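final13.pdb (PDB, C-alpha atoms)
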```
ATOM      1  CA  MET K   1       0.000   0.000   0.000
ATOM      2  CA  SER K   2       1.488   3.303  -1.069
ATOM      3  CA  ILE K   3       1.711   6.133   1.446
ATOM      4  CA  SER K   4       3.676   9.372   1.188
ATOM      5  CA  LYS K   5       7.249   9.353   2.449
ATOM      6  CA  LYS K   6       6.339  11.920   5.105
ATOM      7  CA  ALA K   7       3.588   9.672   6.439
ATOM      8  CA  SER K   8       5.991   6.749   6.392
ATOM      9  CA  LEU K   9       8.581   8.559   8.480
ATOM     10  CA  PHE K  10       5.862   9.913  10.744
ATOM     11  CA  ALA K  11       4.415   6.487  11.417
ATOM     12  CA  MET K  12       7.678   4.645  11.929
ATOM     13  CA  LEU K  13       9.889   7.172  13.708
ATOM     14  CA  ILE K  14       7.832   9.850  15.414
ATOM     15  CA  MET K  15       7.372   7.836  18.603
ATOM     16  CA  ILE K  16      11.115   7.745  19.147
ATOM     17  CA  VAL K  17      11.704  11.486  18.915
ATOM     18  CA  LEU K  18       8.475  12.461  20.635
ATOM     19  CA  VAL K  19       8.884  10.281  23.680
ATOM     20  CA  VAL K  20      12.402  11.505  24.393
ATOM     21  CA  ALA K  21      11.313  15.093  23.754
ATOM     22  CA  ALA K  22       8.428  14.666  26.169
ATOM     23  CA  CYS K  23      10.668  13.418  28.936
ATOM     24  CA  GLY K  24      13.289  16.011  28.141
ATOM     25  CA  ASP K  25      10.604  18.650  28.641
ATOM     26  CA  LYS K  26       9.760  17.162  32.039
ATOM     27  CA  ALA K  27      13.426  17.338  32.987
ATOM     28  CA  ASP K  28      13.646  21.015  31.975
ATOM     29  CA  THR K  29      10.525  21.813  34.003
ATOM     30  CA  ALA K  30      11.838  19.943  37.026
ATOM     31  CA  THR K  31      15.183  21.735  36.824
ATOM     32  CA  SER K  32      13.459  25.126  36.566
ATOM     33  CA  THR K  33      11.292  24.345  39.592
ATOM     34  CA  ASP K  34      14.324  23.161  41.556
ATOM     35  CA  ASP K  35      16.228  26.365  40.746
ATOM     36  CA  THR K  36      13.277  28.500  41.880
ATOM     37  CA  THR K  37      13.060  26.593  45.159
ATOM     38  CA  LYS K  38      16.766  27.094  45.827
ATOM     39  CA  THR K  39      16.433  30.856  45.190
ATOM     40  CA  GLU K  40      13.522  31.171  47.591
ATOM     41  CA  THR K  41      15.395  29.222  50.257
ATOM     42  CA  ALA K  42      18.505  31.389  49.867
ATOM     43  CA  THR K  43      16.532  34.621  50.419
ATOM     44  CA  ALA K  44      15.059  33.419  53.728
ATOM     45  CA  GLY K  45      18.256  34.506  55.525
ATOM     46  CA  THR K  46      17.729  32.865  58.958
ATOM     47  CA  ASP K  47      20.319  30.856  60.888
ATOM     48  CA  THR K  48      18.020  27.854  60.705
ATOM     49  CA  ASP K  49      17.803  28.222  56.951
ATOM     50  CA  SER K  50      21.592  28.457  56.726
ATOM     51  CA  ALA K  51      22.005  25.217  58.634
ATOM     52  CA  ALA K  52      19.355  23.601  56.480
ATOM     53  CA  LYS K  53      21.116  24.896  53.410
ATOM     54  CA  GLU K  54      24.383  23.285  54.521
ATOM     55  CA  ASP K  55      22.583  19.979  54.990
ATOM     56  CA  THR K  56      20.965  20.380  51.593
ATOM     57  CA  GLU K  57      24.300  21.158  49.960
ATOM     58  CA  ASN K  58      25.859  18.081  51.551
ATOM     59  CA  THR K  59      22.962  15.995  50.291
ATOM     60  CA  GLU K  60      23.222  17.544  46.848
ATOM     61  CA  ASN K  61      26.951  16.840  46.753
ATOM     62  CA  THR K  62      26.264  13.222  47.605
ATOM     63  CA  GLU K  63      23.546  13.038  44.960
ATOM     64  CA  THR K  64      25.864  14.661  42.416
ATOM     65  CA  ALA K  65      28.572  12.117  43.168
ATOM     66  CA  THR K  66      26.040   9.343  42.818
ATOM     67  CA  GLU K  67      24.764  10.739  39.545
ATOM     68  CA  THR K  68      28.350  11.098  38.272
ATOM     69  CA  ALA K  69      29.050   7.486  39.161
ATOM     70  CA  THR K  70      25.873   6.499  37.388
ATOM     71  CA  GLU K  71      26.910   8.449  34.314
ATOM     72  CA  ASP K  72      30.290   6.711  34.403
ATOM     73  CA  ASN K  73      28.501   3.377  34.493
ATOM     74  CA  THR K  74      26.656   4.272  31.307
ATOM     75  CA  GLN K  75      29.970   4.000  29.500
ATOM     76  CA  ASN K  76      29.581   0.255  29.853
ATOM     77  CA  VAL K  77      26.151   0.253  28.219
ATOM     78  CA  GLU K  78      26.150  -1.698  24.984
ATOM     79  CA  LEU K  79      23.940  -1.139  21.960
ATOM     80  CA  GLY K  80      23.596  -4.871  21.455
ATOM     81  CA  LYS K  81      24.233  -7.040  18.431
ATOM     82  CA  THR K  82      21.884  -7.160  15.458
ATOM     83  CA  GLU K  83      22.297  -9.968  12.968
ATOM     84  CA  LYS K  84      20.153 -11.351  10.194
ATOM     85  CA  GLY K  85      16.943 -12.279  11.990
ATOM     86  CA  SER K  86      18.017 -11.654  15.594
ATOM     87  CA  TYR K  87      18.927  -9.065  18.222
ATOM     88  CA  ASN K  88      20.710  -9.608  21.547
ATOM     89  CA  ASN K  89      21.722  -7.176  24.296
ATOM     90  CA  ASP K  90      23.479  -8.456  27.417
ATOM     91  CA  TYR K  91      23.322  -5.113  29.267
ATOM     92  CA  PHE K  92      19.526  -4.970  29.203
ATOM     93  CA  GLY K  93      19.323  -8.756  29.263
ATOM     94  CA  VAL K  94      17.045  -9.024  26.257
ATOM     95  CA  SER K  95      16.934 -10.891  22.963
ATOM     96  CA  LEU K  96      14.412 -11.393  20.178
ATOM     97  CA  LYS K  97      14.053 -12.801  16.688
ATOM     98  CA  PHE K  98      12.566 -11.244  13.568
ATOM     99  CA  PRO K  99      12.109 -12.618  10.012
ATOM    100  CA  GLU K 100      15.481 -13.125   8.336
ATOM    101  CA  GLU K 101      14.277 -11.429   5.152
ATOM    102  CA  TRP K 102      13.499  -8.186   6.997
ATOM    103  CA  GLU K 103      15.771  -5.177   6.644
ATOM    104  CA  PHE K 104      17.493  -3.818   9.727
ATOM    105  CA  GLN K 105      19.548  -0.783  10.686
ATOM    106  CA  ASP K 106      22.502  -0.372  13.011
ATOM    107  CA  ALA K 107      22.751   2.551  15.455
ATOM    108  CA  ALA K 108      24.313   4.863  12.841
ATOM    109  CA  GLY K 109      21.513   4.181  10.379
ATOM    110  CA  MET K 110      18.872   4.729  13.043
ATOM    111  CA  ASN K 111      20.472   8.037  14.029
ATOM    112  CA  GLN K 112      20.226   9.265  10.445
ATOM    113  CA  LEU K 113      16.565   8.312  10.168
ATOM    114  CA  THR K 114      15.586   9.839  13.513
ATOM    115  CA  SER K 115      17.443  13.056  12.649
ATOM    116  CA  ALA K 116      15.444  13.294   9.424
ATOM    117  CA  SER K 117      12.240  12.731  11.368
ATOM    118  CA  SER K 118      13.207  15.358  13.951
ATOM    119  CA  GLU K 119      13.712  17.966  11.241
ATOM    120  CA  ALA K 120      10.288  17.182   9.785
ATOM    121  CA  ILE K 121       8.650  17.496  13.216
ATOM    122  CA  ALA K 122      10.458  20.658  14.376
ATOM    123  CA  GLY K 123      10.139  22.552  11.103
ATOM    124  CA  ASP K 124      11.093  26.193  11.699
ATOM    125  CA  ASP K 125      10.467  25.983  15.466
ATOM    126  CA  ALA K 126      13.961  26.603  16.891
ATOM    127  CA  THR K 127      12.909  25.803  20.450
ATOM    128  CA  LYS K 128      11.412  22.464  19.516
ATOM    129  CA  LYS K 129      14.412  21.672  17.332
ATOM    130  CA  LYS K 130      16.799  22.293  20.233
ATOM    131  CA  GLN K 131      14.609  20.222  22.548
ATOM    132  CA  LEU K 132      14.660  17.305  20.137
ATOM    133  CA  GLU K 133      18.431  17.550  19.675
ATOM    134  CA  LEU K 134      19.064  17.512  23.426
ATOM    135  CA  SER K 135      16.689  14.622  24.023
ATOM    136  CA  GLN K 136      18.318  12.492  21.335
ATOM    137  CA  GLU K 137      21.676  12.864  23.075
ATOM    138  CA  LYS K 138      20.314  10.745  25.943
ATOM    139  CA  THR K 139      18.765   8.125  23.701
ATOM    140  CA  LEU K 140      20.242   4.788  22.668
ATOM    141  CA  ASN K 141      19.000   3.535  19.312
ATOM    142  CA  LEU K 142      19.174  -0.231  19.720
ATOM    143  CA  LEU K 143      17.152  -1.972  17.025
ATOM    144  CA  MET K 144      15.157  -1.110  13.938
ATOM    145  CA  ALA K 145      13.900  -3.966  11.761
ATOM    146  CA  SER K 146      11.265  -3.660   9.046
ATOM    147  CA  GLU K 147       9.632  -5.824   6.427
ATOM    148  CA  LEU K 148       9.850  -2.984   3.894
ATOM    149  CA  PRO K 149      12.680  -0.519   3.106
ATOM    150  CA  LEU K 150      13.061   1.976   5.952
ATOM    151  CA  GLY K 151      12.101   5.547   5.112
ATOM    152  CA  GLY K 152      10.689   4.497   1.750
ATOM    153  CA  GLN K 153       7.326   5.094   0.105
ATOM    154  CA  GLN K 154       5.572   2.203   1.849
ATOM    155  CA  VAL K 155       4.812   1.299   5.446
ATOM    156  CA  GLY K 156       4.904  -2.252   6.694
ATOM    157  CA  PRO K 157       5.292  -4.048   9.998
ATOM    158  CA  SER K 158       8.378  -3.089  11.992
ATOM    159  CA  ALA K 159      10.035  -3.641  15.362
ATOM    160  CA  MET K 160      12.172  -1.106  17.214
ATOM    161  CA  ALA K 161      13.985  -0.932  20.524
ATOM    162  CA  ILE K 162      15.266   2.266  22.113
ATOM    163  CA  ALA K 163      16.396   3.256  25.607
ATOM    164  CA  GLU K 164      16.625   6.656  27.256
ATOM    165  CA  LYS K 165      18.494   7.583  30.429
ATOM    166  CA  VAL K 166      16.008   8.877  33.002
ATOM    167  CA  SER K 167      16.309  10.423  36.468
ATOM    168  CA  LEU K 168      14.129  11.132  39.467
ATOM    169  CA  LEU K 169      14.142  14.823  38.472
ATOM    170  CA  GLN K 170      12.006  13.883  35.504
ATOM    171  CA  GLY K 171       9.493  12.118  37.737
ATOM    172  CA  ILE K 172       9.947   8.978  35.633
ATOM    173  CA  ARG K 173       9.879   5.960  37.929
ATOM    174  CA  THR K 174       7.895   3.463  35.873
ATOM    175  CA  GLY K 175       7.207   2.642  32.262
ATOM    176  CA  LYS K 176       3.726   4.082  32.754
ATOM    177  CA  ASP K 177       5.216   7.429  33.835
ATOM    178  CA  TYR K 178       7.271   7.451  30.658
ATOM    179  CA  LEU K 179       4.304   6.670  28.433
ATOM    180  CA  GLU K 180       2.071   9.235  30.132
ATOM    181  CA  ALA K 181       4.707  11.930  29.528
ATOM    182  CA  THR K 182       4.790  10.898  25.888
ATOM    183  CA  LYS K 183       1.025  11.010  25.530
ATOM    184  CA  GLU K 184       0.819  14.438  27.175
ATOM    185  CA  PHE K 185       3.424  15.864  24.821
ATOM    186  CA  MET K 186       1.809  14.362  21.736
ATOM    187  CA  GLN K 187      -1.653  15.630  22.654
ATOM    188  CA  ALA K 188      -0.278  19.112  23.291
ATOM    189  CA  SER K 189       1.409  18.978  19.883
ATOM    190  CA  GLN K 190      -1.939  17.992  18.305
ATOM    191  CA  PHE K 191      -0.638  14.949  16.489
ATOM    192  CA  PRO K 192      -3.339  12.842  14.806
ATOM    193  CA  TYR K 193      -3.296   9.839  17.127
ATOM    194  CA  ASP K 194      -6.010   7.959  18.951
ATOM    195  CA  TYR K 195      -4.956   6.456  22.268
ATOM    196  CA  LYS K 196      -6.052   3.453  24.282
ATOM    197  CA  ASP K 197      -5.672   3.357  28.059
ATOM    198  CA  ILE K 198      -2.220   2.368  29.279
ATOM    199  CA  THR K 199      -2.203  -1.246  30.451
ATOM    200  CA  THR K 200       0.339  -3.752  31.730
ATOM    201  CA  GLU K 201       1.455  -6.839  29.846
ATOM    202  CA  THR K 202       4.097  -9.498  30.387
ATOM    203  CA  ILE K 203       6.436  -9.864  27.441
ATOM    204  CA  GLY K 204       9.406 -12.230  27.450
ATOM    205  CA  GLY K 205       8.825 -12.880  31.128
ATOM    206  CA  LYS K 206       9.031  -9.189  32.054
ATOM    207  CA  GLU K 207       6.146  -6.950  33.074
ATOM    208  CA  MET K 208       6.005  -3.874  30.830
ATOM    209  CA  ASP K 209       3.557  -1.005  30.501
ATOM    210  CA  LEU K 210       1.785  -0.752  27.150
ATOM    211  CA  MET K 211       0.283   2.189  25.281
ATOM    212  CA  GLN K 212      -1.420   1.466  21.968
ATOM    213  CA  ILE K 213      -1.944   4.256  19.483
ATOM    214  CA  THR K 214      -3.508   4.347  16.024
ATOM    215  CA  MET K 215      -3.244   6.756  13.101
ATOM    216  CA  ASP K 216      -5.278   7.112   9.920
ATOM    217  CA  ALA K 217      -2.818   6.729   7.042
ATOM    218  CA  GLY K 218      -5.118   8.644   4.704
ATOM    219  CA  ASP K 219      -5.952   5.826   2.289
ATOM    220  CA  GLY K 220      -8.382   3.887   4.458
ATOM    221  CA  THR K 221      -5.527   2.156   6.264
ATOM    222  CA  THR K 222      -5.016   2.359  10.028
ATOM    223  CA  ILE K 223      -1.479   2.234  11.370
ATOM    224  CA  THR K 224      -1.244   0.739  14.861
ATOM    225  CA  GLN K 225       1.729   1.021  17.195
ATOM    226  CA  ASP K 226       2.166  -0.918  20.432
ATOM    227  CA  TYR K 227       4.563   0.942  22.680
ATOM    228  CA  TYR K 228       6.034  -1.068  25.580
ATOM    229  CA  SER K 229       8.122   0.566  28.309
ATOM    230  CA  ALA K 230       9.901  -0.524  31.501
ATOM    231  CA  ILE K 231      12.664   0.967  33.643
ATOM    232  CA  ILE K 232      15.821  -1.152  33.403
ATOM    233  CA  GLU K 233      19.207  -0.170  34.870
ATOM    234  CA  GLY K 234      18.213   3.504  35.086
ATOM    235  CA  TYR K 235      16.930   3.567  31.506
ATOM    236  CA  ALA K 236      13.448   3.649  30.074
ATOM    237  CA  PHE K 237      13.713   0.606  27.810
ATOM    238  CA  ASN K 238      11.134   0.596  25.038
ATOM    239  CA  PHE K 239       9.804  -1.604  22.267
ATOM    240  CA  ILE K 240       7.789  -0.075  19.421
ATOM    241  CA  PHE K 241       5.874  -2.534  17.256
ATOM    242  CA  THR K 242       4.078  -1.250  14.143
ATOM    243  CA  TYR K 243       1.467  -3.087  12.055
ATOM    244  CA  LEU K 244      -1.394  -2.320   9.671
ATOM    245  CA  ASP K 245      -3.659  -5.348   9.297
ATOM    246  CA  ASP K 246      -4.225  -8.898  10.565
ATOM    247  CA  GLU K 247      -1.396 -10.292   8.446
ATOM    248  CA  SER K 248       1.205  -7.816   9.627
ATOM    249  CA  LYS K 249      -0.083  -8.098  13.217
ATOM    250  CA  ALA K 250       0.552 -11.851  13.029
ATOM    251  CA  SER K 251       4.182 -11.137  12.098
ATOM    252  CA  ILE K 252       4.529  -8.777  15.060
ATOM    253  CA  ASP K 253       2.901 -11.280  17.432
ATOM    254  CA  THR K 254       5.508 -13.848  16.398
ATOM    255  CA  ILE K 255       8.297 -11.372  17.211
ATOM    256  CA  LYS K 256       6.738 -10.569  20.593
ATOM    257  CA  LYS K 257       6.598 -14.267  21.463
ATOM    258  CA  SER K 258      10.328 -14.567  20.696
ATOM    259  CA  VAL K 259      11.310 -11.839  23.195
ATOM    260  CA  GLN K 260      13.292 -13.159  26.153
ATOM    261  CA  PHE K 261      14.463 -11.229  29.210
ATOM    262  CA  LYS K 262      17.181 -12.806  31.373
TER     263      LYS K 262
END
```

Can you present the structure in this file as structure tokens?
Amino acid sequence: MSISKKASLFAMLIMIVLVVAACGDKADTATSTDDTTKTETATAGTDTDSAAKEDTENTENTETATETATEDNTQNVELGKTEKGSYNNDYFGVSLKFPEEWEFQDAAGMNQLTSASSEAIAGDDATKKKQLELSQEKTLNLLMASELPLGGQQVGPSAMAIAEKVSLLQGIRTGKDYLEATKEFMQASQFPYDYKDITTETIGGKEMDLMQITMDAGDGTTITQDYYSAIIEGYAFNFIFTYLDDESKASIDTIKKSVQFK
């Protein structure tokens, strides 16, 4: 089924850039609120406040050291290994299989596609463009496999895996938190999606939160995306499965059944 290239990119890649932008926005808001609180505390000027401030600074120093150590640990994060028909990642403890005839992209290829999608989404909005650029810096593109050529004139079933570093400042503690932030951002941006309630599903032996969205492709076809999310090792680890009809859904169901978490 032929769909415009813009619709193809929109359907297959927008979830990646939007979800990280949504959580990046939450981080910016949290940081702004935190800065305001510190300013108000500093202007209080009492001895008690000074003592409290010293305690706070000590706590913040400890938290900073912890965060630095955490950031250092991220150097050991691996993007995983994608081969013909399979993906495996020891860091996140996950593996899956997809049809051997499907096309797949490595991290470099995924980065190029998501950058193209970001430009289409941001347009001339400099603020949104900067937000998308910053959010992508925290994102690990792990897997992109598709039945049809990626970024081409047609949309078919596909499977993606991405992970984004999250922190308590963002208020992201569960996969559901991550998906709700995504939904809020997308609704505010007035993207043409219909949403089902977020539910929980076990996939590969791991409980993950699930948000299903649909989009009218404009030719009588409905594009469906199942977005799974769970917090693993300080990252929001996500699967994005795309399908259009019963046949392509059957292909995706087979991939889901192959997922294994250690």

- Given the choices K:Lys257, K:Lys138, K:Lys249, K:Lys81, which gets closest to Glu164 of chain K if the distance is worked out from all atoms listed in the file?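 Closest candidate: K:Lys138.
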
With the cut-off set at 10 Å and counting all atoms listed in the file, tabulate each residue of segment 159-258 of chain K with an atom at most that distance from an atom of segment 87-105 of chain K, showing the nearest atom pair and its distance in Å to one decimal, ordered by chain and increasing number, as CSV.
```
residue,atom,partner,partner_atom,distance
K:Ala159,CA,K:Phe98,CA,8.2
K:Met160,CA,K:Phe104,CA,9.6
K:Ala161,CA,K:Tyr87,CA,9.8
K:Ala163,CA,K:Phe92,CA,9.5
K:Gly204,CA,K:Val94,CA,8.4
K:Lys206,CA,K:Val94,CA,9.9
K:Ile232,CA,K:Phe92,CA,6.8
K:Glu233,CA,K:Phe92,CA,7.4
K:Tyr235,CA,K:Phe92,CA,9.2
K:Phe237,CA,K:Phe92,CA,8.2
K:Ser251,CA,K:Pro99,CA,8.3
K:Ile252,CA,K:Phe98,CA,8.5
K:Thr254,CA,K:Phe98,CA,8.0
K:Ile255,CA,K:Phe98,CA,5.6
K:Lys256,CA,K:Leu96,CA,7.7
K:Lys257,CA,K:Leu96,CA,8.4
K:Ser258,CA,K:Leu96,CA,5.2
```

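One distance worth recording is that between atom CA of Thr221 of chain K and atom CA of Ser146 of chain K, which is 18.0 Å.
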
- Pairwise distance for atom CA of Leu142 of chain K and atom CA of Glu83 of chain K, rounded to one decimal in Å: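 Distance reported for this atom pair: 12.3 Å.
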
- Query: What is the distance, in Å and to one decimal place, between atom CA of Glu184 of chain K and atom CA of Lys196 of chain K?
  - Reply: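 Taking atom CA of Glu184 of chain K as the start and atom CA of Lys196 of chain K as the end point, the length is 13.3 Å.
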
Centre and size of axis-aligned box enclosing segment 183-190 of chain K plus 5 Å each side, as lines of an AutoDock Vina configuration file:
```
center_x = 0.7
center_y = 15.1
center_z = 22.7
size_x = 15.4
size_y = 18.1
size_z = 18.9
```
